[in-house]
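Since the structure comes first, as structure tokens, the remarks are kept for the end.
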Amino acid sequence: MKAINTMRLCFDSRSANESFARTAVAAFLCGLDPTVEELTDVKTAVSEAVTNCIVHGYREKIDKVYITANIYSDNRIVIKIKDKGCGIEDVKKAMEPLFTTAPEEERAGLGFAVMESLMDKVKVFSQPQKGTTVVLEKRIVSKGENNVHNSRE
Amino acid sequence: MAVEIQIKEDVVRAYLSGEIDHHSAAQIRETIDESIIQAAPAELILDFARVTFMDSSGIGLVMGRFRLMQETGGKVILQNLPAPLRKVMKLAGLDKLAEIQ
């Protein structure tokens, strides 16, 4: 399926940009007319993924975080959040609830659990020393289901 | 993000406002912990009425304060949680750890 709208972001891995990143993605998503709850779900999941890049991927060193988002005609948004940081040795283990490599930072180890519960699909691609890409996908049901006059095909 | 602290007898109330994420959590943590160390309260009340956004950094914040209060046998109460925050807190099982009002 071809995307009907796309965007790309690149920003410094500064913690102050966590707010910028989730707000920018939320603004882009508004094209799909999401409910407040759907918007909050996406914002929260993006915030988790971007925080992972900053805290874990780059270990607080300043480098670049990349986000691309595509909107498809079936009201789906697919968001890719990528860093070129340290990567994850064992993705399965990293995704386990409560597992964290940064307890001193008071990280709860629930980032992936939150992403998985708020989004329809979460995929993680990672290679040690090369970086990590998290792909988040959610179908925005509000418009497609409730408004029969809305046709995007 | 801001946090306003009120200390009355053995109760510390922390009124949080704005967005809680990894960026803002460190400073909130510092402010609350200072007051806990100063007052050694029996109860820590975290009020979320004016919080507009929270990710899992907020869970870490609550869990950390819970541990700190546990050291002195005190308890943590979470107050005025907006619906989206309640969703994230429940997901983490914090409703079993702290009292939610």
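A note on labels: chains of the structure tokens are A, B, ... as shown, every chain counts residues from 1, and ligands are counted from 1 in their shown order.
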Identify every residue of chain B that has at least one atom within 9 Å of any atom of chain A, counting only C-alpha atoms, and report the result as a compact mmCIF listing (two decimals) with all heavy atoms, in the first residue's frame.
# COMPACT_ATOMS: atom_id res chain seq x y z
N GLU B 19 4.07 18.29 31.93
CA GLU B 19 4.37 17.00 31.32
C GLU B 19 5.46 16.25 32.10
O GLU B 19 6.50 16.84 32.41
CB GLU B 19 4.82 17.20 29.87
CG GLU B 19 3.80 17.97 29.03
CD GLU B 19 4.06 17.86 27.54
OE1 GLU B 19 5.24 17.94 27.14
OE2 GLU B 19 3.09 17.68 26.78
N ASP B 21 8.09 13.46 31.72
CA ASP B 21 8.83 12.53 30.86
C ASP B 21 10.24 12.37 31.43
O ASP B 21 10.52 12.85 32.53
CB ASP B 21 8.83 13.00 29.39
CG ASP B 21 9.51 14.36 29.19
OD1 ASP B 21 10.11 14.88 30.14
OD2 ASP B 21 9.43 14.88 28.06
N HIS B 22 11.10 11.70 30.70
CA HIS B 22 12.47 11.45 31.19
C HIS B 22 13.18 12.77 31.46
O HIS B 22 13.92 12.91 32.42
CB HIS B 22 13.20 10.61 30.15
CG HIS B 22 14.69 10.73 30.18
ND1 HIS B 22 15.41 11.38 29.21
CD2 HIS B 22 15.59 10.29 31.10
CE1 HIS B 22 16.69 11.34 29.52
NE2 HIS B 22 16.84 10.68 30.66
N HIS B 23 12.91 13.79 30.62
CA HIS B 23 13.56 15.09 30.74
C HIS B 23 13.16 15.80 32.04
O HIS B 23 14.00 16.35 32.74
CB HIS B 23 13.19 15.96 29.53
CG HIS B 23 13.80 17.33 29.56
ND1 HIS B 23 15.14 17.54 29.44
CD2 HIS B 23 13.24 18.56 29.72
CE1 HIS B 23 15.39 18.84 29.51
NE2 HIS B 23 14.25 19.48 29.68
N SER B 24 11.87 15.78 32.34
CA SER B 24 11.39 16.54 33.50
C SER B 24 11.46 15.75 34.80
O SER B 24 11.47 16.32 35.89
CB SER B 24 9.96 17.02 33.26
OG SER B 24 9.07 15.92 33.17
N ALA B 26 13.75 14.04 36.40
CA ALA B 26 14.91 14.17 37.30
C ALA B 26 14.72 15.31 38.29
O ALA B 26 15.00 15.16 39.48
CB ALA B 26 16.17 14.38 36.47
N PHE B 53 0.56 15.20 30.55
CA PHE B 53 1.15 14.08 29.81
C PHE B 53 2.06 13.30 30.74
O PHE B 53 2.76 13.89 31.57
CB PHE B 53 1.96 14.58 28.61
CG PHE B 53 2.71 13.48 27.90
CD1 PHE B 53 2.08 12.72 26.93
CD2 PHE B 53 4.02 13.19 28.24
CE1 PHE B 53 2.76 11.68 26.30
CE2 PHE B 53 4.70 12.14 27.61
CZ PHE B 53 4.07 11.40 26.64
N MET B 54 2.06 11.97 30.60
CA MET B 54 3.01 11.17 31.38
C MET B 54 3.34 9.89 30.63
O MET B 54 2.46 9.20 30.14
CB MET B 54 2.41 10.82 32.74
CG MET B 54 3.41 10.18 33.69
SD MET B 54 2.63 9.49 35.16
CE MET B 54 2.23 7.86 34.56
N ASP B 55 4.64 9.58 30.53
CA ASP B 55 5.03 8.28 29.97
C ASP B 55 5.61 7.42 31.10
O ASP B 55 5.42 7.72 32.27
CB ASP B 55 5.98 8.45 28.77
CG ASP B 55 7.31 9.07 29.16
OD1 ASP B 55 7.64 9.11 30.36
OD2 ASP B 55 8.04 9.52 28.24
N SER B 56 6.34 6.35 30.76
CA SER B 56 6.78 5.43 31.81
C SER B 56 7.80 6.05 32.76
O SER B 56 8.10 5.47 33.82
CB SER B 56 7.32 4.13 31.21
OG SER B 56 8.59 4.35 30.64
N SER B 57 8.32 7.23 32.42
CA SER B 57 9.19 7.94 33.36
C SER B 57 8.42 8.27 34.64
O SER B 57 9.00 8.30 35.73
CB SER B 57 9.70 9.25 32.75
OG SER B 57 10.26 9.01 31.49
N GLY B 58 7.12 8.51 34.49
CA GLY B 58 6.27 8.77 35.65
C GLY B 58 6.11 7.54 36.52
O GLY B 58 6.00 7.63 37.75
N ILE B 59 6.10 6.37 35.88
CA ILE B 59 6.03 5.10 36.63
C ILE B 59 7.29 4.94 37.46
O ILE B 59 7.23 4.62 38.65
CB ILE B 59 5.87 3.91 35.66
CG1 ILE B 59 4.57 4.05 34.85
CG2 ILE B 59 5.87 2.60 36.44
CD1 ILE B 59 4.43 3.03 33.74
N GLY B 60 8.44 5.20 36.83
CA GLY B 60 9.72 5.14 37.54
C GLY B 60 9.75 6.10 38.72
O GLY B 60 10.25 5.77 39.79
N LEU B 61 9.18 7.28 38.49
CA LEU B 61 9.13 8.30 39.54
C LEU B 61 8.32 7.82 40.75
O LEU B 61 8.76 7.94 41.89
CB LEU B 61 8.50 9.58 38.96
CG LEU B 61 8.43 10.80 39.88
CD1 LEU B 61 9.78 11.45 40.00
CD2 LEU B 61 7.41 11.81 39.36
N MET B 63 7.52 4.63 41.49
CA MET B 63 8.15 3.46 42.08
C MET B 63 9.33 3.85 42.97
O MET B 63 9.51 3.29 44.06
CB MET B 63 8.61 2.48 40.98
CG MET B 63 7.46 1.65 40.44
SD MET B 63 7.82 0.78 38.90
CE MET B 63 9.06 -0.37 39.38
N GLY B 64 10.11 4.81 42.52
CA GLY B 64 11.27 5.28 43.28
C GLY B 64 10.85 5.92 44.60
O GLY B 64 11.46 5.67 45.65
N PRO B 84 -5.90 9.26 31.14
CA PRO B 84 -4.75 8.67 30.41
C PRO B 84 -3.63 8.24 31.36
O PRO B 84 -2.94 7.24 31.10
CB PRO B 84 -4.26 9.81 29.51
CG PRO B 84 -5.34 10.83 29.50
CD PRO B 84 -6.11 10.67 30.75
N VAL B 88 -1.83 4.31 32.17
CA VAL B 88 -0.40 3.97 32.24
C VAL B 88 -0.03 3.40 33.61
O VAL B 88 0.71 2.43 33.72
CB VAL B 88 0.48 5.20 31.89
CG1 VAL B 88 1.96 4.88 32.04
CG2 VAL B 88 0.19 5.68 30.48
N LEU B 91 -1.34 -0.18 33.95
CA LEU B 91 -0.54 -1.05 33.11
C LEU B 91 0.71 -1.52 33.86
O LEU B 91 1.17 -2.63 33.70
CB LEU B 91 -0.15 -0.20 31.92
CG LEU B 91 0.29 -0.78 30.62
CD1 LEU B 91 -0.16 0.20 29.55
CD2 LEU B 91 1.76 -0.96 30.56
N ALA B 92 1.24 -0.64 34.70
CA ALA B 92 2.45 -0.95 35.45
C ALA B 92 2.13 -1.63 36.77
O ALA B 92 3.03 -1.99 37.52
CB ALA B 92 3.23 0.33 35.70
- Message: Would you compute the distance between atom CA of Lys87 of chain B and atom CA of Leu16 of chain B? Give it in Å to one decimal.
- Response: 17.6 Å
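Taking atom CA of Ser126 of chain A as the reference point, atom CA of Ala21 of chain A is found at 20.9 Å.
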Compile the contact shell of Val42 of chain A as a PDB file with C-alpha atoms, in the first residue's frame: residues with an atom at most 10 Å away, counting only C-alpha atoms, same-chain residues fewer than 5 positions apart removed.
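Contents of result.pdb, as written:
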ATOM      1  CA  ARG A  22       6.037  13.373  20.447  1.00  0.00           C
ATOM      2  CA  THR A  23       4.287  16.708  19.820  1.00  0.00           C
ATOM      3  CA  VAL A  25       4.283  13.263  15.507  1.00  0.00           C
ATOM      4  CA  ALA A  26       0.960  14.073  17.191  1.00  0.00           C
ATOM      5  CA  LEU A  29      -1.303  12.418  13.072  1.00  0.00           C
ATOM      6  CA  PRO A  34      -7.854  10.843  15.910  1.00  0.00           C
ATOM      7  CA  GLU A  37      -7.243   8.993  23.526  1.00  0.00           C
ATOM      8  CA  SER A  47       7.924   9.346  23.910  1.00  0.00           C
ATOM      9  CA  GLU A  48       8.975   5.874  25.130  1.00  0.00           C
ATOM     10  CA  ILE A  77       0.019   5.416  10.863  1.00  0.00           C
ATOM     11  CA  ILE A  79       6.171   5.485  12.761  1.00  0.00           C
ATOM     12  CA  MET A 115       4.388   0.804  23.558  1.00  0.00           C
ATOM     13  CA  LEU A 118      -0.919   1.407  23.347  1.00  0.00           C
ATOM     14  CA  MET A 119      -0.097   0.526  19.717  1.00  0.00           C
ATOM     15  CA  LEU A 136       5.143   1.528  15.782  1.00  0.00           C
ATOM     16  CA  GLU A 137       1.862   0.981  13.994  1.00  0.00           C
ATOM     17  CA  LYS A 138      -1.678   1.984  14.872  1.00  0.00           C
TER      18      LYS A 138
END
- Item | Which of segment 5-153 of chain A fall in helix (DSSP H, G or I), as a VMD selection string | chain A and resid 17 to 32 36 to 57 91 to 94 103 to 105 111 to 118 141 to 146
- Message: For the strand (DSSP E or B) assignment from backbone DSSP, which residues of segment 61-131 of chain A qualify? Please present them as number ranges by chain.
- Response: A: 64-72, 76-83, 121-127, 131
List as a compact mmCIF listing (two decimals) with N, CA, C and O atoms, in the first residue's frame the protein and nucleic acid residues near Ile36 of chain B, meaning an atom at most 12 Å away when only C-alpha atoms are counted, but skip any in the same chain fewer than 2 places from it.
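Saved file result13.txt follows:
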# COMPACT_ATOMS: atom_id res chain seq x y z
N ILE B 5 5.38 21.93 46.58
CA ILE B 5 5.38 21.08 47.76
C ILE B 5 4.68 21.77 48.93
O ILE B 5 4.91 22.96 49.18
N GLN B 6 3.82 21.02 49.62
CA GLN B 6 3.22 21.51 50.86
C GLN B 6 3.51 20.51 51.96
O GLN B 6 3.23 19.33 51.82
N ILE B 7 4.09 21.00 53.05
CA ILE B 7 4.36 20.09 54.18
C ILE B 7 3.48 20.50 55.35
O ILE B 7 3.49 21.66 55.78
N LYS B 8 2.66 19.54 55.82
CA LYS B 8 1.78 19.82 56.96
C LYS B 8 1.88 18.64 57.92
O LYS B 8 1.54 17.52 57.54
N ASP B 10 2.85 15.49 59.44
CA ASP B 10 3.66 14.41 58.87
C ASP B 10 3.19 14.00 57.47
O ASP B 10 3.32 12.85 57.07
N VAL B 11 2.61 14.96 56.75
CA VAL B 11 2.16 14.68 55.38
C VAL B 11 2.85 15.64 54.39
O VAL B 11 2.86 16.84 54.59
N VAL B 12 3.47 15.03 53.35
CA VAL B 12 4.02 15.87 52.28
C VAL B 12 3.10 15.74 51.07
O VAL B 12 2.78 14.64 50.63
N ARG B 13 2.64 16.88 50.57
CA ARG B 13 1.83 16.89 49.35
C ARG B 13 2.64 17.49 48.21
O ARG B 13 3.19 18.58 48.36
N ALA B 14 2.71 16.76 47.11
CA ALA B 14 3.41 17.27 45.94
C ALA B 14 2.41 17.46 44.81
O ALA B 14 1.80 16.49 44.35
N ARG B 29 11.91 14.59 40.85
CA ARG B 29 12.43 13.61 41.80
C ARG B 29 13.25 14.32 42.88
O ARG B 29 13.06 14.09 44.07
N GLU B 30 14.14 15.20 42.44
CA GLU B 30 15.02 15.91 43.35
C GLU B 30 14.22 16.76 44.35
O GLU B 30 14.47 16.71 45.55
N THR B 31 13.23 17.49 43.82
CA THR B 31 12.42 18.37 44.67
C THR B 31 11.63 17.57 45.70
O THR B 31 11.59 17.92 46.88
N ILE B 32 11.01 16.48 45.26
CA ILE B 32 10.21 15.67 46.18
C ILE B 32 11.10 15.02 47.23
O ILE B 32 10.79 15.03 48.43
N ASP B 33 12.23 14.47 46.79
CA ASP B 33 13.10 13.77 47.73
C ASP B 33 13.67 14.70 48.80
O ASP B 33 13.81 14.30 49.96
N GLU B 34 13.98 15.92 48.42
CA GLU B 34 14.44 16.91 49.39
C GLU B 34 13.42 17.07 50.51
O GLU B 34 13.77 17.10 51.68
N GLN B 38 13.71 16.05 54.45
CA GLN B 38 13.54 17.12 55.42
C GLN B 38 12.42 16.79 56.42
O GLN B 38 12.57 16.97 57.63
N ALA B 39 11.29 16.28 55.92
CA ALA B 39 10.10 16.14 56.77
C ALA B 39 9.90 14.73 57.32
O ALA B 39 9.14 14.54 58.27
N ALA B 40 10.57 13.73 56.73
CA ALA B 40 10.35 12.32 57.09
C ALA B 40 8.86 12.03 57.34
O ALA B 40 8.46 11.65 58.43
N PRO B 41 8.02 12.22 56.32
CA PRO B 41 6.58 12.14 56.51
C PRO B 41 6.07 10.69 56.62
O PRO B 41 6.74 9.77 56.17
N ALA B 42 4.88 10.55 57.21
CA ALA B 42 4.24 9.24 57.26
C ALA B 42 3.49 8.99 55.96
O ALA B 42 3.23 7.85 55.59
N GLU B 43 3.14 10.09 55.28
CA GLU B 43 2.38 9.98 54.04
C GLU B 43 2.94 10.92 52.98
O GLU B 43 3.22 12.09 53.27
N LEU B 44 3.08 10.38 51.78
CA LEU B 44 3.44 11.24 50.63
C LEU B 44 2.26 11.21 49.67
O LEU B 44 1.87 10.15 49.19
N ILE B 45 1.68 12.38 49.43
CA ILE B 45 0.55 12.45 48.50
C ILE B 45 1.03 13.10 47.20
O ILE B 45 1.52 14.23 47.20
N ARG B 65 9.79 6.76 44.56
CA ARG B 65 9.31 7.41 45.78
C ARG B 65 8.69 6.37 46.72
O ARG B 65 8.79 6.48 47.92
N PHE B 66 8.03 5.37 46.13
CA PHE B 66 7.45 4.29 46.93
C PHE B 66 8.55 3.58 47.72
O PHE B 66 8.41 3.33 48.92
N ARG B 67 9.67 3.30 47.06
CA ARG B 67 10.79 2.63 47.73
C ARG B 67 11.35 3.48 48.85
O ARG B 67 11.63 2.99 49.94
N LEU B 68 11.50 4.77 48.57
CA LEU B 68 12.05 5.69 49.56
C LEU B 68 11.14 5.78 50.78
O LEU B 68 11.61 5.76 51.93
N MET B 69 9.83 5.84 50.56
CA MET B 69 8.87 5.94 51.67
C MET B 69 8.81 4.64 52.45
O MET B 69 8.58 4.65 53.66
N GLN B 70 9.03 3.54 51.75
CA GLN B 70 8.99 2.23 52.39
C GLN B 70 10.10 2.08 53.43
O GLN B 70 9.93 1.43 54.46
N GLU B 71 11.22 2.72 53.16
CA GLU B 71 12.37 2.65 54.08
C GLU B 71 12.01 3.13 55.48
O GLU B 71 12.56 2.66 56.47
N THR B 72 11.10 4.11 55.55
CA THR B 72 10.71 4.64 56.85
C THR B 72 9.29 4.21 57.23
O THR B 72 8.69 4.74 58.15
N GLY B 74 6.58 4.68 55.59
CA GLY B 74 5.53 5.61 55.17
C GLY B 74 4.77 5.09 53.97
O GLY B 74 5.15 4.11 53.36
N LYS B 75 3.63 5.75 53.65
CA LYS B 75 2.90 5.29 52.47
C LYS B 75 2.74 6.38 51.42
O LYS B 75 2.89 7.57 51.69
N VAL B 76 2.46 5.90 50.20
CA VAL B 76 2.32 6.81 49.06
C VAL B 76 0.88 6.78 48.56
O VAL B 76 0.30 5.71 48.39
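If only C-alpha atoms are the atoms counted, then among B:Asn80, B:Gln27, B:Arg86, B:Ala98 the closest residue to Arg50 of chain B is B:Asn80.
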- Message: Could you check the closest approach to Leu78 of chain B for each of B:Ser35, B:Thr52, B:Gln101, B:Ser17 and tell me which residue wins, using only C-alpha atoms?
- Response: B:Gln101
